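Asks: I'd like to ask some things about the structure below.
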Protein chains: 2
Amino acid sequence: MNPNVFYGKMGVTIKQIAADLKLAISTVSKALSDSHEISPETKARVFEYAERMEYKPNPYASGLKDNRSRNIAVVLPEIADSFFASAIDGIEAAAQTKGYHVMIYLTHEDAQREHAIISELRHRRVDGVLISVVSNSSDIPHLQGLYEHGVPVVFFDRVHTAIDTANVVTNDFDSAYSAASLLIRKGCKRITFLALRGDLNIIKDRTAGYLKAINDHGIDTQLNPVLTCGHQEDETMTLIRQRLTQEDSPDGVICSSEKLTTQTYSVCHRLKISIPEDIKIIGFSHLPIASLLRPSLTTVTQPAFEMGRTAATLLLNALDKKRTILKKESIVLPSMLIERDSTG
Amino acid sequence: MNPNVFYGKMGVTIKQIAADLKLAISTVSKALSDSHEISPETKARVFEYAERMEYKPNPYASGLKDNRSRNIAVVLPEIADSFFASAIDGIEAAAQTKGYHVMIYLTHEDAQREHAIISELRHRRVDGVLISVVSNSSDIPHLQGLYEHGVPVVFFDRVHTAIDTANVVTNDFDSAYSAASLLIRKGCKRITFLALRGDLNIIKDRTAGYLKAINDHGIDTQLNPVLTCGHQEDETMTLIRQRLTQEDSPDGVICSSEKLTTQTYSVCHRLKISIPEDIKIIGFSHLPIASLLRPSLTTVTQPAFEMGRTAATLLLNALDKKRTILKKESIVLPSMLIERDSTG
DNA sequence: ATTATTTACGAAACCGTTTTCGTGGTTACT
DNA sequence: AGTAACCACGAAAACGGTTTCGTAAATAAT
């Protein structure tokens with residue numbers, strides 16, 4: 001632009017400063033990092049000038065040396081889900097205090113997209129990855145490859161046990177057990193557990209916890225089945241509607257995901273099935289406004305923020321120590337079963 | 001682990017390939033970019049080898065040359081807000097198709113934090129910034145500086161008109177006008193408009209639209225006031241409660257933000273004020289489950305996803321053309337007033 | 001007085017790319 | 001035959017930093 005207007009345009013480089021101050025580039029670099037081999041006078045000169053020029057080192061240039069960008073990736077199925085939104089919140093909080101930057105990648109429950117993203121992340125754009133996978137079988141080789149190529153991976157919520165790294169989960173089995181027990185205690189005789197298609201660990205665990213509760217209470221498993229739903233909204237709604245209108249329709253439903261919960265509510269509203277009189281409902285959900293629903297929703301609420309923050313902290317601590325392989329460990333943060341009106 | 005298993009560890013570099021193939025680095029680089037000055041045979045050799053080694057260029061090394069990272073920043077007040085969550089969704093969609101990467105920064109409605117983040121972004125970590133500001137006066141010099149230093153900025157939703165760049169908003173004035181008109185039509189005599197403290201344009205516009213409607217309908221402005229709320233949850237709840245329990249308490253409320261909406265609902269629930277009989281409520285909110293609330297909520301729903309995608313597209317198009325200054329323009333995407341039970 | 005050490009700085013290599021510029025060897029034109 | 005034009009490749013500079021090493025001068029140790 002205008003050449004004599006100002007140096008600062010487009011970012012002053014260390015080279016510029018060196019030239020202007022008639023110093024060697026290395027001298028300036030050392031001065032800025034407060035090296036002991038530079039005299040106080042020179043340091044002062046450099047500091048003052050750098051300040052005036054608003055010099056900021058280019059992070060990627062520095063990163064080239066030690067091969068780190070201080071960027072981490074968060075890969076997750078969707079963001080319009082209060083669990084994931086809060087998890088990101090926790091991740092960002094941890095990252096910000098540690099001087100890291102958070103990149104977001106959305107898979108939209110699509111294994112192919114996840115595949116593409118993981119593949120992209122091999123290019124060393126990020127120093128590490130936090131991920132909540134789409135499916136438990138989808139992308140082992142890719143994730144494994146990423147991990148083995150020196151990009152540490154930490155799973156949260158939707159983990160992938162085939163890979164030996166750290167992960168952060170909640171007590172899915174126990175919460176589902178408690179949820180089912182509550183419904184049974186409330187007198188439900190025909191509970192349906194809404195599972196998600198796929199082989200997600202969290203769903204498997206929740207389903208198992210549910211079935212254990214049914215068994216432990218000596219209740220007929222036939223009458224208390226598991227219904228597997230897909231990710232497509234209309235298809236799932238139809239499925240739920242059919243279930244709720246069939247003969248011997250359920251008097252209790254446990255929804256294993258937030259979406260399934262809201263979908264079930266929608267169906268009930270539309271069909272004028274009254275909760276909790278006709279049917280009692282518990283949802284796995286982090287919804288902050290569960291208490292404002294009609295009726296207020298009994299939830300299994302995950303510690304989303306904490307899970308995100310914990311996972312991020314695990315990863316960032318490893319990165320700070322330049323550890324690229326994390327000890328295999330599962331950190332389990334407990335969910336809370338919060339009784340509200342939908343279980344009357 | 002197994003040392004002789006594979007070269008690929010930690011990422012092959014172009015230099016490695018050159019050495020292995022006994023070629024010059026430049027030759028390999030050109031071959032990979034399919035340059036005409038490399039013979040088909042050599043290209044084939046290089047391609048095949050690069051493929052086998054799973055070579056991927058280091059994005060930040062390349063970025064150093066043309067001074068671009070293909071990363072963009074999204075700076076916003078919070079993520080646990082369905083508007084912003086959806087906006088990110090739209091942004092990510094646009095970015096992914098254009099080969100850009102999205103970094104998230106949360107200000108938590110804190111001007112200082114926003115300041116720190118903007119300042120951080122001057123280091124050329126990102127090629128451009130999408131932002132929904134905390135306040136309209138907070139950080140002009142910083143944003144201005146960022147912009148002038150060659151980092152393009154696009155505002156969305158919470159814009160900053162003092163800076164001459166592109167921005168994407170919704171028709172706040174008109175929607176507020178419509179919302180107020182609806183309440184008046186429904187017979188409300190004492191409406192309260194809940195504004196947010198600060199000098200956000202969107203709030204100002206919404207407030208103005210509300211006041212205009214009150215005026216146009218020849219209604220007493222004294223009885224239809226604006227109540228300014230802060231960002232602190234408990235404080236705001238108290239304020240709302242006071243208002244709803246005072247003498248001549250309102251029979252209609254318009255909440256200018258999603259949080260205010262849910263807070264108002266909470267207060268009504270707690271005080272057993274029945275909606276819409278005692279009071280009618282309209283909320284500016286993108287909540288996908290507005291219809292599941294008790295009672296279902298009449299909303300002014302912003303086109304969040306579209307706004308995010310549009311803002312991102314504007315920015316990315318400029319970046320692709322290496323344009324760093326964007327034409328000042330406002331793209332207005334209309335909100336929708338969706339009547340539900342809360343306005344009875 | 002001689003050697004050893006410290007001080008304060010500069011030169012240069014390096015990180016992984018891209019790009020400009022040479023250059024030796026063919027092939028094509030007149 | 002002489003020059004022009006290409007062809008296929010390599011050397012080196014550049015991007016913006018950090019870091020290692022070298023070195024002249026000043027100071028300290030013997």
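Chain labels follow the order of the structure tokens: the first chain is A, the next B, and so on; residue numbering restarts at 1 in every chain, and ligands are counted from 1 in their shown order.
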Working over all C-alpha atoms in order, superimpose chain B onto chain A by least squares and state the RMSD in Å.

Replies: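 Between chain A and chain B, the C-alpha RMSD is 0.6 Å.
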
Asks: From a DSSP calculation on the backbone, collect every residue of segment 52-86 of chain B in strand (DSSP E or B) and output the set as a PyMOL selection string.

Replies: chain B and resi 71-76

Asks: Pull out every residue of chain B that has at least one atom within 8 Å of chain A, counting only C-alpha atoms, and report them as a VMD selection string.

Replies: chain B and resid 8 to 11 56 to 61 64 78 to 80 82 85 to 86 88 to 89 92 101 to 106 122 to 125 148 to 150 262 265 to 266 269 289 292 to 296

Asks: Convert the current residue selection to file output with N, CA and C atoms, as a CSV table (one decimal), in the first residue's frame.

Replies:
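Resulting contents of result-v1.csv:
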chain,number,residue,atom,x,y,z
B,8,GLY,N,6.9,-44.4,7.3
B,8,GLY,CA,6.0,-43.3,7.5
B,8,GLY,C,6.0,-42.6,8.8
B,9,LYS,N,6.5,-43.2,9.9
B,9,LYS,CA,6.5,-42.6,11.2
B,9,LYS,C,6.7,-41.1,11.2
B,10,MET,N,5.9,-40.4,11.9
B,10,MET,CA,6.0,-39.0,12.1
B,10,MET,C,5.9,-38.2,10.8
B,11,GLY,N,5.4,-38.8,9.8
B,11,GLY,CA,5.2,-38.0,8.6
B,11,GLY,C,6.5,-37.9,7.7
B,56,LYS,N,2.1,-36.4,3.0
B,56,LYS,CA,1.2,-35.3,3.0
B,56,LYS,C,2.0,-34.1,3.3
B,57,PRO,N,1.8,-33.1,2.5
B,57,PRO,CA,2.6,-31.9,2.7
B,57,PRO,C,2.2,-31.2,4.1
B,58,ASN,N,3.2,-30.7,4.8
B,58,ASN,CA,2.9,-30.0,6.0
B,58,ASN,C,2.2,-28.7,5.7
B,59,PRO,N,1.0,-28.5,6.1
B,59,PRO,CA,0.2,-27.3,5.7
B,59,PRO,C,0.8,-26.0,6.2
B,60,TYR,N,1.5,-26.1,7.3
B,60,TYR,CA,2.0,-24.8,7.8
B,60,TYR,C,3.3,-24.4,7.2
B,61,ALA,N,4.1,-25.4,6.7
B,61,ALA,CA,5.3,-25.1,5.9
B,61,ALA,C,4.9,-24.5,4.6
B,64,LEU,N,3.7,-21.0,5.0
B,64,LEU,CA,4.7,-19.9,5.3
B,64,LEU,C,5.0,-19.2,4.0
B,78,GLU,N,-20.8,-17.5,23.5
B,78,GLU,CA,-21.0,-18.7,24.1
B,78,GLU,C,-21.4,-19.8,23.1
B,79,ILE,N,-21.3,-21.0,23.5
B,79,ILE,CA,-21.6,-22.1,22.5
B,79,ILE,C,-22.9,-22.8,23.0
B,80,ALA,N,-23.2,-22.7,24.3
B,80,ALA,CA,-24.4,-23.4,24.8
B,80,ALA,C,-25.6,-22.6,24.5
B,82,SER,N,-28.4,-22.2,21.3
B,82,SER,CA,-28.7,-22.9,20.1
B,82,SER,C,-28.5,-22.1,18.8
B,85,ALA,N,-24.7,-22.4,18.3
B,85,ALA,CA,-24.3,-23.7,17.9
B,85,ALA,C,-24.7,-24.0,16.4
B,86,SER,N,-25.9,-23.5,16.0
B,86,SER,CA,-26.3,-23.7,14.6
B,86,SER,C,-25.4,-22.9,13.7
B,88,ILE,N,-22.4,-22.1,14.0
B,88,ILE,CA,-21.1,-22.8,13.9
B,88,ILE,C,-21.3,-23.9,12.9
B,89,ASP,N,-22.4,-24.6,13.0
B,89,ASP,CA,-22.7,-25.7,12.1
B,89,ASP,C,-22.6,-25.2,10.6
B,92,GLU,N,-19.0,-24.3,9.7
B,92,GLU,CA,-18.2,-25.5,9.5
B,92,GLU,C,-18.5,-26.1,8.1
B,101,HIS,N,-10.4,-24.6,7.7
B,101,HIS,CA,-10.5,-25.2,9.1
B,101,HIS,C,-11.0,-24.1,10.1
B,102,VAL,N,-11.8,-24.6,11.0
B,102,VAL,CA,-12.5,-23.6,11.9
B,102,VAL,C,-12.0,-23.7,13.3
B,103,MET,N,-11.5,-22.5,13.8
B,103,MET,CA,-11.1,-22.5,15.2
B,103,MET,C,-12.1,-21.7,16.0
B,104,ILE,N,-12.4,-22.2,17.2
B,104,ILE,CA,-13.4,-21.7,18.0
B,104,ILE,C,-12.8,-20.9,19.2
B,105,TYR,N,-13.4,-19.7,19.4
B,105,TYR,CA,-13.0,-18.9,20.6
B,105,TYR,C,-14.2,-18.4,21.3
B,106,LEU,N,-14.3,-18.6,22.6
B,106,LEU,CA,-15.4,-18.2,23.4
B,106,LEU,C,-15.1,-17.1,24.3
B,122,ARG,N,-3.9,-11.6,16.1
B,122,ARG,CA,-3.1,-10.7,15.2
B,122,ARG,C,-1.8,-11.5,14.8
B,123,HIS,N,-1.5,-12.5,15.5
B,123,HIS,CA,-0.3,-13.3,15.2
B,123,HIS,C,-0.3,-14.1,13.9
B,124,ARG,N,-1.3,-13.8,13.1
B,124,ARG,CA,-1.5,-14.5,11.9
B,124,ARG,C,-1.7,-16.0,12.0
B,125,ARG,N,-2.4,-16.4,13.1
B,125,ARG,CA,-2.7,-17.8,13.2
B,125,ARG,C,-3.9,-18.2,12.3
B,148,GLU,N,-7.0,-4.0,9.7
B,148,GLU,CA,-6.0,-3.2,8.9
B,148,GLU,C,-4.7,-3.9,8.7
B,149,HIS,N,-4.4,-4.8,9.6
B,149,HIS,CA,-3.2,-5.6,9.4
B,149,HIS,C,-3.3,-6.8,8.5
B,150,GLY,N,-4.5,-6.8,7.8
B,150,GLY,CA,-4.6,-7.8,6.8
B,150,GLY,C,-5.4,-9.1,7.1
B,262,THR,N,-35.5,-18.5,28.5
B,262,THR,CA,-35.5,-19.7,29.4
B,262,THR,C,-35.6,-19.2,30.8
B,265,TYR,N,-39.2,-18.2,31.6
B,265,TYR,CA,-40.0,-19.5,31.7
B,265,TYR,C,-39.7,-20.1,33.1
B,266,SER,N,-38.5,-20.1,33.5
B,266,SER,CA,-38.2,-20.7,34.8
B,266,SER,C,-38.9,-19.9,35.9
B,269,HIS,N,-42.5,-20.7,35.9
B,269,HIS,CA,-42.8,-22.0,36.5
B,269,HIS,C,-42.7,-22.0,38.0
B,289,ILE,N,-36.4,-27.1,20.2
B,289,ILE,CA,-37.5,-27.7,21.0
B,289,ILE,C,-38.4,-26.8,21.6
B,292,LEU,N,-41.7,-28.1,22.5
B,292,LEU,CA,-41.8,-29.0,23.5
B,292,LEU,C,-41.9,-28.4,24.9
B,293,LEU,N,-41.8,-27.1,24.9
B,293,LEU,CA,-41.8,-26.4,26.2
B,293,LEU,C,-43.2,-26.4,26.8
B,294,ARG,N,-43.2,-26.1,28.1
B,294,ARG,CA,-44.5,-26.0,28.8
B,294,ARG,C,-44.9,-24.5,29.1
B,295,PRO,N,-45.7,-23.9,28.4
B,295,PRO,CA,-46.3,-24.4,27.1
B,295,PRO,C,-45.4,-24.1,26.0
B,296,SER,N,-45.7,-24.6,24.8
B,296,SER,CA,-44.8,-24.4,23.7
B,296,SER,C,-44.6,-22.9,23.4

Asks: Taking only C-alpha atoms (C1' of nucleotides) into account, which of A:Asp34, A:Asp234, A:Asp66, A:Asp20 comes nearest chain D?

Replies: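 Using only C-alpha atoms (C1' of nucleotides), the shortest distance to chain D belongs to A:Asp66.
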
Asks: Considering only C-alpha atoms (C1' of nucleotides), extract the chain A residues located within 10 Å of chain C and return them as a ChimeraX atom specification.

Replies: /A:23-27,36-39,42,61-67

Asks: Would you mind reading off the distance between atom CA of Ser175 of chain A and atom CA of Tyr210 of chain A, one decimal, in Å?

Replies: 8.6 Å

Asks: Quick one: distance from atom C1' of DG10 of chain D to atom CA of Val28 of chain B in Å, one decimal?

Replies: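 Rounded to one decimal, the two atoms are 10.9 Å apart.
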
Asks: Produce a table with one row for each residue of chain D that has an atom at most 10 Å from any atom of chain B, each row naming the nearest atom pair and its distance in Å at one decimal; use only C-alpha atoms (C1' of nucleotides); arrange rows by chain and rising residue number; format as JSON lines.

Replies:
{"residue": "D:DC7", "atom": "C1'", "partner": "B:Glu37", "partner_atom": "CA", "distance": 7.2}
{"residue": "D:DA8", "atom": "C1'", "partner": "B:Ile38", "partner_atom": "CA", "distance": 5.8}
{"residue": "D:DC9", "atom": "C1'", "partner": "B:Thr27", "partner_atom": "CA", "distance": 6.7}
{"residue": "D:DG10", "atom": "C1'", "partner": "B:Ala24", "partner_atom": "CA", "distance": 5.9}
{"residue": "D:DA11", "atom": "C1'", "partner": "B:Ala24", "partner_atom": "CA", "distance": 8.8}
{"residue": "D:DA14", "atom": "C1'", "partner": "B:Lys65", "partner_atom": "CA", "distance": 7.8}
{"residue": "D:DC15", "atom": "C1'", "partner": "B:Lys65", "partner_atom": "CA", "distance": 4.5}
{"residue": "D:DG16", "atom": "C1'", "partner": "B:Leu64", "partner_atom": "CA", "distance": 7.4}

Asks: For N, CA and C atoms (P, O5', C5', C4', C3', O3' and C1' of nucleotides), I'd like the residues from the last selection saved as an mmCIF file, in the first residue's frame.

Replies:
data_model
loop_
_atom_site.group_PDB
_atom_site.id
_atom_site.type_symbol
_atom_site.label_atom_id
_atom_site.label_comp_id
_atom_site.auth_asym_id
_atom_site.auth_seq_id
_atom_site.Cartn_x
_atom_site.Cartn_y
_atom_site.Cartn_z
ATOM 1 P P DC D 7 8.965 -29.036 -24.499
ATOM 2 O "O5'" DC D 7 9.827 -30.145 -23.779
ATOM 3 C "C5'" DC D 7 10.845 -30.840 -24.503
ATOM 4 C "C4'" DC D 7 11.826 -31.431 -23.514
ATOM 5 C "C3'" DC D 7 11.232 -31.757 -22.151
ATOM 6 O "O3'" DC D 7 11.370 -33.154 -21.953
ATOM 7 C "C1'" DC D 7 13.317 -30.604 -21.945
ATOM 8 P P DA D 8 10.570 -33.844 -20.785
ATOM 9 O "O5'" DA D 8 11.665 -33.880 -19.631
ATOM 10 C "C5'" DA D 8 12.864 -34.617 -19.862
ATOM 11 C "C4'" DA D 8 13.773 -34.413 -18.686
ATOM 12 C "C3'" DA D 8 13.075 -34.563 -17.331
ATOM 13 O "O3'" DA D 8 13.851 -35.422 -16.520
ATOM 14 C "C1'" DA D 8 14.222 -32.507 -17.428
ATOM 15 P P DC D 9 13.277 -35.924 -15.139
ATOM 16 O "O5'" DC D 9 14.107 -35.004 -14.145
ATOM 17 C "C5'" DC D 9 15.519 -35.205 -14.104
ATOM 18 C "C4'" DC D 9 16.212 -33.931 -13.705
ATOM 19 C "C3'" DC D 9 16.127 -33.567 -12.238
ATOM 20 O "O3'" DC D 9 17.199 -34.224 -11.547
ATOM 21 C "C1'" DC D 9 16.242 -31.662 -13.699
ATOM 22 P P DG D 10 17.309 -34.097 -9.983
ATOM 23 O "O5'" DG D 10 18.215 -32.787 -9.871
ATOM 24 C "C5'" DG D 10 19.495 -32.765 -10.509
ATOM 25 C "C4'" DG D 10 20.219 -31.479 -10.156
ATOM 26 C "C3'" DG D 10 20.291 -31.180 -8.657
ATOM 27 O "O3'" DG D 10 21.561 -30.600 -8.381
ATOM 28 C "C1'" DG D 10 19.161 -29.414 -9.741
ATOM 29 P P DA D 11 22.049 -30.473 -6.896
ATOM 30 O "O5'" DA D 11 22.372 -28.904 -6.790
ATOM 31 C "C5'" DA D 11 22.676 -28.145 -7.960
ATOM 32 C "C4'" DA D 11 22.771 -26.672 -7.614
ATOM 33 C "C3'" DA D 11 22.983 -26.334 -6.136
ATOM 34 O "O3'" DA D 11 23.773 -25.169 -6.059
ATOM 35 C "C1'" DA D 11 20.880 -25.495 -6.830
ATOM 36 P P DA D 14 16.811 -14.362 -1.079
ATOM 37 O "O5'" DA D 14 15.350 -14.710 -0.548
ATOM 38 C "C5'" DA D 14 14.284 -14.847 -1.488
ATOM 39 C "C4'" DA D 14 13.173 -15.605 -0.842
ATOM 40 C "C3'" DA D 14 12.873 -15.209 0.614
ATOM 41 O "O3'" DA D 14 11.684 -14.465 0.663
ATOM 42 C "C1'" DA D 14 12.777 -17.578 0.266
ATOM 43 P P DC D 15 11.463 -13.558 1.976
ATOM 44 O "O5'" DC D 15 10.256 -14.262 2.718
ATOM 45 C "C5'" DC D 15 9.133 -14.793 2.029
ATOM 46 C "C4'" DC D 15 8.449 -15.770 2.934
ATOM 47 C "C3'" DC D 15 8.628 -15.457 4.415
ATOM 48 O "O3'" DC D 15 7.502 -14.741 4.891
ATOM 49 C "C1'" DC D 15 8.883 -17.809 3.920
ATOM 50 P P DG D 16 7.795 -13.484 5.831
ATOM 51 O "O5'" DG D 16 8.083 -14.132 7.252
ATOM 52 C "C5'" DG D 16 7.030 -14.789 7.928
ATOM 53 C "C4'" DG D 16 7.575 -15.436 9.176
ATOM 54 C "C3'" DG D 16 8.400 -14.505 10.065
ATOM 55 O "O3'" DG D 16 8.042 -14.760 11.412
ATOM 56 C "C1'" DG D 16 9.651 -16.415 9.575
#

Asks: By how many Å are atom CA of His231 of chain A and atom CA of Pro250 of chain A apart?

Replies: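 Spanning atom CA of His231 of chain A to atom CA of Pro250 of chain A is a straight-line distance of 21.8 Å.
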
Asks: Might you pull out every residue within 12 Å of Val300 of chain B, with only C-alpha atoms (C1' of nucleotides) counted and same-chain residues fewer than 3 positions away left off, and present them as a ChimeraX atom specification?

Replies: /B:83,170-180,182,206,254-258,261,281-288,290,297,303-304,334-340

Asks: Dump N, CA and C atoms for the selected residues as a compact mmCIF listing (two decimals), in the first residue's frame?

Replies:
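Produced file selection_35.txt, reproduced below:
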# COMPACT_ATOMS: atom_id res chain seq x y z
N PHE B 83 -28.59 -20.77 19.00
CA PHE B 83 -28.29 -19.92 17.84
C PHE B 83 -26.83 -20.08 17.43
N THR B 170 -29.90 -10.44 10.93
CA THR B 170 -31.28 -10.75 10.64
C THR B 170 -32.10 -9.48 10.87
N ASN B 171 -33.35 -9.52 10.48
CA ASN B 171 -34.16 -8.30 10.54
C ASN B 171 -34.70 -8.08 11.96
N ASP B 172 -33.82 -7.65 12.82
CA ASP B 172 -34.16 -7.53 14.23
C ASP B 172 -35.28 -6.54 14.50
N PHE B 173 -35.17 -5.41 13.87
CA PHE B 173 -36.18 -4.37 14.09
C PHE B 173 -37.56 -4.89 13.72
N ASP B 174 -37.68 -5.39 12.51
CA ASP B 174 -38.98 -5.86 12.04
C ASP B 174 -39.53 -7.01 12.87
N SER B 175 -38.65 -7.93 13.26
CA SER B 175 -39.14 -9.08 14.03
C SER B 175 -39.67 -8.62 15.37
N ALA B 176 -38.97 -7.69 15.98
CA ALA B 176 -39.42 -7.20 17.28
C ALA B 176 -40.76 -6.47 17.11
N TYR B 177 -40.83 -5.74 16.01
CA TYR B 177 -42.07 -5.03 15.73
C TYR B 177 -43.22 -6.04 15.59
N SER B 178 -42.98 -7.07 14.84
CA SER B 178 -44.01 -8.10 14.65
C SER B 178 -44.37 -8.77 15.96
N ALA B 179 -43.36 -9.05 16.73
CA ALA B 179 -43.59 -9.73 18.01
C ALA B 179 -44.48 -8.87 18.91
N ALA B 180 -44.12 -7.61 19.02
CA ALA B 180 -44.91 -6.71 19.86
C ALA B 180 -46.33 -6.59 19.32
N LEU B 182 -47.99 -8.73 17.68
CA LEU B 182 -48.73 -9.95 17.98
C LEU B 182 -49.29 -9.90 19.41
N ARG B 206 -33.81 -4.43 18.23
CA ARG B 206 -35.00 -5.13 18.70
C ARG B 206 -35.82 -4.22 19.62
N ILE B 254 -41.56 -9.88 26.06
CA ILE B 254 -40.74 -10.25 24.90
C ILE B 254 -39.31 -10.37 25.38
N CYS B 255 -38.71 -11.53 25.17
CA CYS B 255 -37.36 -11.78 25.64
C CYS B 255 -36.41 -11.65 24.45
N SER B 256 -35.46 -10.76 24.57
CA SER B 256 -34.63 -10.45 23.42
C SER B 256 -33.45 -11.39 23.24
N SER B 257 -33.35 -12.40 24.08
CA SER B 257 -32.28 -13.38 23.87
C SER B 257 -32.76 -14.74 24.35
N GLU B 258 -32.05 -15.75 23.95
CA GLU B 258 -32.47 -17.10 24.30
C GLU B 258 -32.41 -17.33 25.80
N THR B 261 -35.15 -15.83 27.63
CA THR B 261 -36.38 -16.58 27.41
C THR B 261 -36.49 -17.73 28.41
N ILE B 281 -45.83 -14.85 26.32
CA ILE B 281 -44.37 -14.73 26.18
C ILE B 281 -43.93 -15.02 24.75
N ILE B 282 -43.03 -14.18 24.27
CA ILE B 282 -42.37 -14.43 22.99
C ILE B 282 -40.87 -14.35 23.23
N GLY B 283 -40.14 -15.30 22.67
CA GLY B 283 -38.70 -15.29 22.87
C GLY B 283 -37.94 -15.22 21.56
N PHE B 284 -36.88 -14.43 21.54
CA PHE B 284 -35.93 -14.49 20.43
C PHE B 284 -35.08 -15.72 20.68
N SER B 285 -35.29 -16.75 19.90
CA SER B 285 -34.61 -17.99 20.21
C SER B 285 -34.60 -18.93 19.03
N HIS B 286 -33.56 -19.66 18.96
CA HIS B 286 -33.41 -20.61 17.88
C HIS B 286 -33.68 -22.03 18.37
N LEU B 287 -34.12 -22.15 19.59
CA LEU B 287 -34.36 -23.45 20.21
C LEU B 287 -35.16 -24.40 19.32
N PRO B 288 -34.58 -25.55 19.01
CA PRO B 288 -35.31 -26.49 18.16
C PRO B 288 -36.46 -27.14 18.92
N ALA B 290 -38.54 -25.59 21.01
CA ALA B 290 -39.48 -24.60 21.53
C ALA B 290 -40.89 -25.18 21.62
N LEU B 297 -43.45 -22.59 23.03
CA LEU B 297 -43.03 -21.20 23.04
C LEU B 297 -43.16 -20.53 21.68
N PRO B 303 -32.41 -17.41 11.34
CA PRO B 303 -31.86 -18.41 10.42
C PRO B 303 -30.39 -18.65 10.75
N ALA B 304 -30.16 -19.28 11.87
CA ALA B 304 -28.80 -19.37 12.41
C ALA B 304 -27.83 -20.05 11.46
N PRO B 334 -34.00 -13.04 6.91
CA PRO B 334 -35.17 -12.81 7.75
C PRO B 334 -35.36 -13.88 8.83
N SER B 335 -35.78 -13.43 9.97
CA SER B 335 -36.21 -14.34 11.03
C SER B 335 -37.66 -14.71 10.81
N MET B 336 -38.11 -15.70 11.54
CA MET B 336 -39.50 -16.10 11.42
C MET B 336 -40.19 -15.99 12.76
N LEU B 337 -41.37 -15.42 12.75
CA LEU B 337 -42.17 -15.39 13.97
C LEU B 337 -43.07 -16.62 13.95
N ILE B 338 -42.82 -17.50 14.89
CA ILE B 338 -43.59 -18.74 14.91
C ILE B 338 -44.51 -18.76 16.12
N GLU B 339 -45.79 -18.70 15.84
CA GLU B 339 -46.77 -18.66 16.94
C GLU B 339 -46.98 -20.03 17.54
N ARG B 340 -46.88 -20.08 18.86
CA ARG B 340 -47.20 -21.33 19.55
C ARG B 340 -48.06 -20.97 20.76

Asks: Taking the DSSP secondary structure from the backbone, can you list the residues of segment 37-240 of chain A that are alpha helix (DSSP H), as a PyMOL selection string?

Replies: chain A and resi 40-53+59-66+82-98+111-121+140-148+172-185+201-216+233-240
